[in-house]
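One file, my_file_7.cif, is given below (mmCIF, C-alpha atoms).
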```
data_input
#
loop_
_atom_site.label_atom_id
_atom_site.label_comp_id
_atom_site.auth_asym_id
_atom_site.auth_seq_id
_atom_site.Cartn_x
_atom_site.Cartn_y
_atom_site.Cartn_z
CA MET A 144 -5.21 -22.55 8.71
CA LEU A 145 -6.33 -18.98 8.12
CA ALA A 146 -7.88 -17.09 10.95
CA SER A 147 -11.64 -16.91 11.11
CA GLU A 148 -13.45 -13.60 10.87
CA GLN A 149 -13.68 -13.52 14.68
CA GLU A 150 -9.91 -14.01 15.05
CA LEU A 151 -8.44 -11.62 12.50
CA PRO A 152 -4.94 -10.71 13.79
CA THR A 153 -5.07 -6.95 13.25
CA ALA A 154 -2.87 -6.21 16.29
CA GLY A 155 0.33 -7.25 14.52
CA GLY A 156 3.11 -9.73 15.12
CA PRO A 157 3.85 -13.11 13.50
CA ALA A 158 0.17 -14.12 13.34
CA LYS A 159 -0.65 -11.03 11.28
CA ARG A 160 2.30 -11.61 8.97
CA ALA A 161 1.27 -15.22 8.33
CA TYR A 162 -2.37 -14.31 7.81
CA VAL A 163 -1.62 -11.50 5.36
CA ARG A 164 0.76 -13.65 3.31
CA GLY A 165 -1.74 -16.50 3.08
CA MET A 166 -4.69 -14.23 2.32
CA PHE A 167 -3.02 -12.37 -0.54
CA THR A 168 -1.70 -15.60 -2.02
CA ALA A 169 -5.27 -16.90 -2.09
CA ILE A 170 -6.96 -13.80 -3.57
CA ALA A 171 -4.20 -12.83 -6.02
CA PRO A 172 -6.09 -13.92 -9.19
CA THR A 173 -9.08 -11.64 -8.42
CA TYR A 174 -7.20 -8.85 -6.63
CA ASP A 175 -6.99 -6.34 -9.50
CA ALA A 176 -10.59 -6.76 -10.62
CA LEU A 177 -11.97 -6.33 -7.11
CA ASN A 178 -9.77 -3.27 -6.53
CA ARG A 179 -11.37 -1.58 -9.53
CA VAL A 180 -14.89 -2.46 -8.36
CA PHE A 181 -14.44 -1.41 -4.75
CA SER A 182 -12.71 1.89 -5.60
CA LEU A 183 -15.18 2.72 -8.41
CA ASN A 184 -12.14 2.48 -10.71
CA LEU A 185 -10.50 5.43 -8.93
CA ASP A 186 -7.53 3.58 -7.45
CA ARG A 187 -5.38 4.13 -10.54
CA ALA A 188 -6.16 7.86 -10.56
CA TRP A 189 -5.10 8.05 -6.91
CA ARG A 190 -1.88 6.23 -7.75
CA ARG A 191 -1.17 8.68 -10.58
CA THR A 192 -1.64 11.57 -8.15
CA ALA A 193 0.81 9.92 -5.76
CA VAL A 194 3.37 9.42 -8.53
CA ARG A 195 3.12 13.10 -9.49
CA GLN A 196 3.90 14.05 -5.89
CA LEU A 197 6.87 11.67 -5.72
CA GLY A 198 9.12 14.28 -7.34
CA TRP A 199 10.72 11.79 -9.72
CA PRO A 200 11.57 14.43 -12.39
CA ALA A 201 14.38 15.55 -10.04
CA ALA A 202 16.02 12.14 -10.66
CA PRO A 203 14.43 10.71 -13.86
CA GLN A 204 17.21 8.12 -14.20
CA GLY A 205 17.12 7.10 -10.55
CA THR A 206 16.06 3.89 -8.86
CA TYR A 207 12.63 3.74 -7.22
CA LEU A 208 10.99 1.27 -4.86
CA ASP A 209 7.38 0.10 -5.13
CA LEU A 210 6.97 -1.46 -1.69
CA CYS A 211 4.15 -3.86 -0.75
CA ALA A 212 3.92 -3.88 -4.53
CA GLY A 213 1.26 -6.55 -4.97
CA THR A 214 0.54 -6.83 -8.70
CA LEU A 215 2.90 -3.94 -9.51
CA ASP A 216 0.29 -1.27 -10.35
CA PHE A 217 2.29 1.56 -8.78
CA GLY A 218 5.48 0.60 -10.58
CA ALA A 219 3.68 0.32 -13.92
CA ILE A 220 2.20 3.80 -13.54
CA LEU A 221 5.59 5.33 -12.75
CA ALA A 222 7.19 3.42 -15.63
CA ALA A 223 4.64 4.92 -18.06
CA GLU A 224 5.38 8.53 -17.06
CA PRO A 225 6.74 10.54 -20.03
CA GLY A 226 10.40 11.26 -19.43
CA PHE A 227 10.95 8.56 -16.83
CA LYS A 228 14.16 6.68 -17.66
CA GLY A 229 14.99 5.07 -14.33
CA ARG A 230 14.70 1.66 -12.71
CA ILE A 231 11.88 0.37 -10.53
CA VAL A 232 12.02 -2.43 -7.99
CA GLY A 233 8.69 -3.94 -6.98
CA ALA A 234 9.04 -5.64 -3.58
CA ASP A 235 6.40 -7.81 -1.92
CA PHE A 236 6.46 -10.91 0.27
CA VAL A 237 3.74 -12.67 -1.75
CA PRO A 238 5.39 -14.14 -4.89
CA ARG A 239 2.03 -14.99 -6.51
CA MET A 240 1.01 -11.32 -6.56
CA LEU A 241 4.27 -10.30 -8.21
CA GLN A 242 3.99 -13.07 -10.80
CA LEU A 243 0.52 -11.95 -11.85
CA GLY A 244 1.69 -8.36 -12.35
CA ARG A 245 4.91 -8.98 -14.29
CA HIS A 246 3.29 -8.21 -17.64
CA LYS A 247 2.38 -4.64 -16.68
CA ALA A 248 5.80 -3.03 -17.23
CA ALA A 249 9.01 -4.64 -18.43
CA ILE A 250 11.27 -2.25 -16.51
CA VAL A 251 9.74 -3.13 -13.13
CA ALA A 252 11.90 -5.77 -11.45
CA PRO A 253 9.90 -7.92 -8.99
CA VAL A 254 11.69 -8.92 -5.79
CA THR A 255 10.23 -11.18 -3.12
CA ALA A 256 11.00 -9.38 0.14
CA ASP A 257 9.45 -8.60 3.51
CA ALA A 258 8.95 -4.87 4.11
CA LEU A 259 10.35 -5.30 7.63
CA GLU A 260 13.62 -6.84 6.40
CA LEU A 261 14.41 -5.32 3.02
CA PRO A 262 17.44 -6.82 1.21
CA PHE A 263 18.68 -3.41 0.06
CA ALA A 264 21.55 -1.20 1.14
CA ASP A 265 21.05 2.01 3.09
CA ALA A 266 20.13 5.05 0.97
CA ARG A 267 19.57 2.87 -2.12
CA PHE A 268 16.46 4.50 -3.61
CA ASP A 269 15.49 7.90 -5.02
CA GLY A 270 11.85 7.48 -4.02
CA CYS A 271 9.29 4.98 -2.75
CA THR A 272 5.59 4.27 -3.23
CA VAL A 273 3.35 2.13 -1.02
CA GLY A 274 -0.18 1.35 -2.16
CA TRP A 275 -2.54 0.17 0.60
CA GLY A 276 0.18 -1.95 2.17
CA ALA A 277 1.16 -0.12 5.35
CA ARG A 278 -2.04 -1.36 7.02
CA ASN A 279 -0.89 -4.94 6.51
CA LEU A 280 2.55 -4.64 8.12
CA ALA A 281 3.15 -6.82 11.17
CA ASP A 282 5.01 -3.89 12.79
CA LEU A 283 4.09 -0.49 11.33
CA ASP A 284 6.76 1.53 13.14
CA ALA A 285 9.52 -0.90 12.16
CA GLY A 286 8.27 -0.86 8.57
CA LEU A 287 8.41 2.94 8.40
CA ARG A 288 11.95 2.92 9.79
CA GLU A 289 12.97 0.39 7.15
CA MET A 290 11.46 2.56 4.41
CA ARG A 291 13.46 5.51 5.69
CA ARG A 292 16.63 3.42 5.83
CA VAL A 293 16.59 2.49 2.15
CA LEU A 294 15.80 6.02 0.91
CA LYS A 295 18.39 8.63 0.07
CA PRO A 296 18.25 11.83 2.14
CA GLY A 297 15.82 14.17 0.41
CA ALA A 298 13.99 11.35 -1.38
CA ARG A 299 10.21 11.31 -1.17
CA ILE A 300 7.82 8.59 -0.14
CA ALA A 301 4.16 8.44 -1.20
CA ILE A 302 1.87 6.16 0.81
CA LEU A 303 -1.78 5.52 -0.08
CA GLU A 304 -3.85 3.96 2.67
CA MET A 305 -7.46 3.46 3.73
CA SER A 306 -8.97 5.83 6.28
CA LEU A 307 -12.35 6.61 7.80
CA PRO A 308 -14.23 9.73 6.58
CA PRO A 309 -14.18 12.58 9.12
CA SER A 310 -17.84 13.48 8.47
CA PRO A 311 -20.17 11.43 10.74
CA VAL A 312 -22.74 11.05 7.94
CA MET A 313 -20.19 9.93 5.35
CA ARG A 314 -18.52 7.67 7.89
CA ALA A 315 -21.83 5.91 8.63
CA LEU A 316 -22.57 5.42 4.92
CA PHE A 317 -19.04 4.26 4.25
CA LEU A 318 -19.01 1.78 7.13
CA PHE A 319 -22.32 0.29 5.99
CA TYR A 320 -20.87 -0.35 2.55
CA PHE A 321 -17.47 -1.32 3.95
CA GLU A 322 -18.71 -3.78 6.56
CA LYS A 323 -21.89 -5.18 4.99
CA ILE A 324 -21.68 -4.98 1.18
CA LEU A 325 -17.97 -5.18 0.40
CA PRO A 326 -17.24 -8.43 2.32
CA LEU A 327 -20.19 -10.15 0.66
CA ILE A 328 -19.03 -9.22 -2.86
CA GLY A 329 -15.45 -10.07 -1.98
CA ARG A 330 -16.40 -13.53 -0.73
CA LEU A 331 -18.53 -14.27 -3.79
CA VAL A 332 -15.81 -13.26 -6.26
CA SER A 333 -12.59 -14.26 -4.49
CA LYS A 334 -14.02 -17.36 -2.74
CA HIS A 335 -11.97 -16.35 0.30
CA ARG A 336 -13.79 -16.52 3.62
CA SER A 337 -12.31 -13.52 5.39
CA ALA A 338 -10.15 -11.47 2.99
CA TYR A 339 -12.69 -8.71 2.50
CA THR A 340 -13.63 -8.66 6.15
CA TRP A 341 -9.93 -8.03 6.80
CA LEU A 342 -10.17 -4.76 4.85
CA PRO A 343 -12.63 -2.99 7.19
CA GLU A 344 -11.19 -4.61 10.32
CA SER A 345 -7.62 -3.61 9.51
CA THR A 346 -8.75 -0.10 8.53
CA ARG A 347 -10.43 0.36 11.92
CA ALA A 348 -7.23 -0.76 13.64
CA PHE A 349 -4.98 1.52 11.57
CA PRO A 350 -3.99 4.98 12.88
CA SER A 351 -5.93 8.03 11.67
CA PRO A 352 -4.23 10.04 8.90
CA ASP A 353 -2.92 12.59 11.41
CA ALA A 354 -1.64 9.87 13.74
CA PHE A 355 -0.01 8.04 10.84
CA ALA A 356 1.67 11.28 9.76
CA GLY A 357 3.07 11.51 13.28
CA LYS A 358 4.50 8.00 12.99
CA MET A 359 6.13 8.94 9.69
CA ARG A 360 7.80 11.93 11.34
CA THR A 361 9.04 9.76 14.20
CA ALA A 362 10.52 7.33 11.65
CA GLY A 363 12.55 10.12 10.04
CA PHE A 364 10.31 11.73 7.43
CA ALA A 365 9.87 15.49 7.23
CA ASP A 366 7.39 17.78 5.46
CA VAL A 367 4.65 15.16 5.72
CA ARG A 368 1.53 16.21 3.81
CA ILE A 369 -1.89 14.54 3.73
CA THR A 370 -4.32 14.53 0.79
CA ARG A 371 -7.73 12.91 1.29
CA PHE A 372 -9.75 11.35 -1.53
CA MET A 373 -13.42 10.47 -1.91
CA PHE A 374 -14.67 12.11 1.32
CA GLY A 375 -11.67 10.71 3.19
CA VAL A 376 -11.95 6.97 2.50
CA THR A 377 -8.38 7.01 1.22
CA ALA A 378 -5.49 9.23 2.33
CA LEU A 379 -2.23 9.98 0.55
CA HIS A 380 0.75 10.71 2.80
CA VAL A 381 3.81 12.26 1.17
CA GLY A 382 7.00 12.79 3.16
CA THR A 383 10.68 13.51 2.60
CA ALA A 384 13.51 11.41 4.03
CA ALA A 385 15.26 13.73 6.48
#
```

Taking this structure as input, can you express it in the form of C-alpha cells?
Amino acid sequence: MLASEQELPTAGGPAKRAYVRGMFTAIAPTYDALNRVFSLNLDRAWRRTAVRQLGWPAAPQGTYLDLCAGTLDFGAILAAEPGFKGRIVGADFVPRMLQLGRHKAAIVAPVTADALELPFADARFDGCTVGWGARNLADLDAGLREMRRVLKPGARIAILEMSLPPSPVMRALFLFYFEKILPLIGRLVSKHRSAYTWLPESTRAFPSPDAFAGKMRTAGFADVRITRFMFGVTALHVGTAA
C-alpha cells in the first residue's frame, strides 16, 4: 500500500525507495503531460540548457548516462543535438516509465537500474544528466558517489532539481501554487492520491542549491556551478568528476 499524504517517506531509506517506485509506476501514463503543464512547458528548455553545459562536443562519440531517466526526455534531447554521434544509456528503476519513452530516440538504450546500485563499470561514461531525480533517491549521498564512480575523470554531470525561490515574496507565491493548486490538478489528471503532494513535500526536504552543491563536492565533483531558473523554482547544478 502506498503511503498516505500524512506519511510520505521523504527522509529516505527502503520506505522511500518503495514509495517512489510505486508512485512513478502509477503516474507514468500522465507524467509527460503534467510535466509540461506544471513547468509552463519550460522543462524541455531547461533540459536543453543542461545538455549544452554537459560539454559533450569534447567527446561527440562517447557514451552518456541519463540517470533517473523516467520517460527518457534528457536522452532524447541529447540524441537530437547536431553533431552528436555517441551512445546514450537511460537508466531508471521504474520499467513502465522507460517503456513509455522508448519511442523518443532510437539511440537511447533503456536499462532498468537503481541509481544506488548501477550495473556499470567504474569510469564508464563521458557525461551524465539527471532530471528531477536526485530528490527521489533513498540515499542522496550514496547516489552522488555512485554517479561519480561511473563517470570518467573530467566528465561533467548536469543535475536539474526543484528548489525554493530565495525571494520571500516569490517563495510565498510559489508555495501557494505548489502546495494548494498543483496537488489538486495532479490528483484529477493522474488519479494518484499523493503523487503531486510528494513533489512539494520532497522539495521541502531536499537540500538548498548551495547545500546540494556542497554534497556534490564531497562526493568527488569539482567546479560545481549553479544556474537558477524561473525565480529559483528549479536549479541546474553542473560539476566535473575530479

Expansion of the PyMOL selection byres ((chain A and resi 182) around 12) into residues, as a ChimeraX atom specification: /A:175-181,183-190,305,317,320-321,325,372-373,376-377

Who sits within 8 Å of A:Ala222, all atoms listed in the file, same chain under 2 positions skipped, as JSON, numbers by chain: {"A": [218, 219, 220, 224, 227, 228, 231, 248, 250, 251]}

For the residues in that selection, give me C-alpha atoms as a PDB file, in the frame of the given file.
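The new file again.pdb reads:
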```
ATOM      1  CA  GLY A 218       5.480   0.600 -10.580  1.00  0.00           C
ATOM      2  CA  ALA A 219       3.680   0.320 -13.920  1.00  0.00           C
ATOM      3  CA  ILE A 220       2.200   3.800 -13.540  1.00  0.00           C
ATOM      4  CA  GLU A 224       5.380   8.530 -17.060  1.00  0.00           C
ATOM      5  CA  PHE A 227      10.950   8.560 -16.830  1.00  0.00           C
ATOM      6  CA  LYS A 228      14.160   6.680 -17.660  1.00  0.00           C
ATOM      7  CA  ILE A 231      11.880   0.370 -10.530  1.00  0.00           C
ATOM      8  CA  ALA A 248       5.800  -3.030 -17.230  1.00  0.00           C
ATOM      9  CA  ILE A 250      11.270  -2.250 -16.510  1.00  0.00           C
ATOM     10  CA  VAL A 251       9.740  -3.130 -13.130  1.00  0.00           C
TER      11      VAL A 251
END
```

So that each row is one residue of stretch 248-289 of chain A with an atom at most 10 Å from stretch 351-362 of chain A, can you give its shortest atom pair and the distance in Å to one decimal, using only C-alpha atoms, rows by chain and rising number, as a tab-separated table?
```
residue	atom	partner	partner_atom	distance
A:Ala277	CA	A:Phe355	CA	9.9
A:Leu283	CA	A:Lys358	CA	8.7
A:Asp284	CA	A:Lys358	CA	6.9
A:Ala285	CA	A:Ala362	CA	8.3
A:Gly286	CA	A:Ala362	CA	9.0
A:Leu287	CA	A:Ala362	CA	5.9
A:Arg288	CA	A:Ala362	CA	5.0
A:Glu289	CA	A:Ala362	CA	8.6
```

Who sits within 12 Å of A:Ala161, only C-alpha atoms, same chain under 2 positions skipped, as a VMD selection string: chain A and resid 144 to 146 151 to 153 155 to 159 163 to 168 236 to 237 257 279 to 281

Residue neighbourhood A:Val232, 7 Å, all atoms listed in the file, exclusion window fewer than 4 positions, as an MDAnalysis selection string: chainID A and resid 207:209 251:254

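For the atom pair formed by atom CA of A:Gln204 and atom CA of A:Val293, the distance is 17.3 Å, given to one decimal.
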
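Remark: for A:Ala169, the closest of the candidate residues A:Gly213, A:Ala385, A:Arg239, A:Val312 is A:Arg239 (distances computed over all atoms listed in the file).
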
Exercise on stretch 342-350 of chain A, axis-aligned box with 3 Å per side, report centre and edge lengths in Å to one decimal, as lines of an AutoDock Vina configuration file:
```
center_x = -8.3
center_y = 0.1
center_z = 9.2
size_x = 14.6
size_y = 15.7
size_z = 14.8
```

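The nearest approach to A:Asp366 among the residues A:Arg314, A:Lys323, A:Ile300, A:Leu241, with only C-alpha atoms taken into account, belongs to A:Ile300.
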
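Pairwise distance (atom CA of A:Asp265, atom CA of A:Arg230) equals 17.0 Å.
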
Residue members of the PyMOL selection byres ((chain A and resi 199) around 10) in the file shown, as a ChimeraX atom specification: /A:194-198,200-207,221,224,226-227,229,269-271,298-299

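If all atoms listed in the file are the atoms counted, then among A:Arg278, A:Lys247, A:Arg267, A:Arg368 the closest residue to A:Pro343 is A:Arg278.
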
Which of A:Ala234, A:Met290, A:Leu318, A:Ala264 sits closest to A:Thr346 [using all atoms listed in the file]: A:Leu318

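Residue selection for this entry, given the PyMOL selection byres ((chain A and resi 274) around 8), comprises A:Arg190, A:Leu210, A:Cys211, A:Ala212, A:Phe217, A:Thr272, A:Val273, A:Trp275, A:Gly276, A:Ala277, A:Ile302, A:Leu303, A:Glu304.
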
Point-to-point distance in Å for atom CA of A:Tyr339 and atom CA of A:Glu322: 8.8 Å

Residue nearest A:Gly382 among A:Ala348, A:Ala223, A:Leu294, A:Leu215 (counting all atoms listed in the file): A:Leu294

For stretch 258-280 of chain A in the structure I just supplied, write out N, CA and C atoms - as a CSV table (one decimal), in the first residue's frame.
```
chain,number,residue,atom,x,y,z
A,258,ALA,N,19.6,3.8,-9.1
A,258,ALA,CA,20.7,4.7,-9.1
A,258,ALA,C,21.7,4.5,-8.0
A,259,LEU,N,21.3,3.8,-6.9
A,259,LEU,CA,22.2,3.5,-5.8
A,259,LEU,C,23.1,2.2,-6.1
A,260,GLU,N,22.8,1.5,-7.1
A,260,GLU,CA,23.5,0.2,-7.4
A,260,GLU,C,23.6,0.1,-8.9
A,261,LEU,N,24.3,1.0,-9.6
A,261,LEU,CA,24.3,1.0,-11.0
A,261,LEU,C,25.1,-0.2,-11.6
A,262,PRO,N,24.6,-0.9,-12.6
A,262,PRO,CA,25.3,-2.1,-13.1
A,262,PRO,C,26.3,-1.8,-14.2
A,263,PHE,N,27.1,-0.7,-13.9
A,263,PHE,CA,28.1,-0.3,-14.9
A,263,PHE,C,29.5,-0.2,-14.2
A,264,ALA,N,30.5,-0.4,-15.1
A,264,ALA,CA,31.9,-0.4,-14.6
A,264,ALA,C,32.3,1.0,-14.1
A,265,ASP,N,33.3,1.1,-13.3
A,265,ASP,CA,33.9,2.4,-13.0
A,265,ASP,C,34.4,3.2,-14.2
A,266,ALA,N,34.2,4.5,-14.2
A,266,ALA,CA,34.7,5.4,-15.3
A,266,ALA,C,34.1,4.9,-16.6
A,267,ARG,N,32.9,4.6,-16.7
A,267,ARG,CA,32.2,4.1,-17.9
A,267,ARG,C,31.8,5.2,-18.8
A,268,PHE,N,31.3,6.3,-18.3
A,268,PHE,CA,30.6,7.3,-19.1
A,268,PHE,C,31.4,8.6,-19.2
A,269,ASP,N,31.1,9.3,-20.4
A,269,ASP,CA,31.7,10.6,-20.7
A,269,ASP,C,30.9,11.8,-20.2
A,270,GLY,N,29.7,11.5,-19.6
A,270,GLY,CA,28.9,12.5,-19.1
A,270,GLY,C,27.6,12.0,-18.5
A,271,CYS,N,26.9,12.7,-17.7
A,271,CYS,CA,25.7,12.2,-17.1
A,271,CYS,C,24.7,13.4,-16.9
A,272,THR,N,23.4,13.1,-17.1
A,272,THR,CA,22.3,14.0,-16.8
A,272,THR,C,21.4,13.4,-15.8
A,273,VAL,N,20.8,14.2,-15.0
A,273,VAL,CA,19.8,13.8,-14.0
A,273,VAL,C,18.7,14.8,-14.0
A,274,GLY,N,17.5,14.5,-14.4
A,274,GLY,CA,16.4,15.4,-14.4
A,274,GLY,C,15.4,15.2,-13.3
A,275,TRP,N,15.4,16.0,-12.3
A,275,TRP,CA,14.5,16.0,-11.2
A,275,TRP,C,14.4,14.6,-10.6
A,276,GLY,N,15.5,13.9,-10.5
A,276,GLY,CA,15.5,12.6,-9.9
A,276,GLY,C,16.3,12.5,-8.6
A,277,ALA,N,17.2,13.4,-8.4
A,277,ALA,CA,18.1,13.3,-7.1
A,277,ALA,C,17.2,13.4,-5.9
A,278,ARG,N,16.1,14.2,-5.9
A,278,ARG,CA,15.2,14.4,-4.8
A,278,ARG,C,14.6,13.1,-4.4
A,279,ASN,N,14.5,12.1,-5.3
A,279,ASN,CA,13.8,10.9,-5.1
A,279,ASN,C,14.7,9.8,-4.6
A,280,LEU,N,16.0,10.0,-4.5
A,280,LEU,CA,16.9,8.9,-4.1
A,280,LEU,C,16.7,8.6,-2.6
```
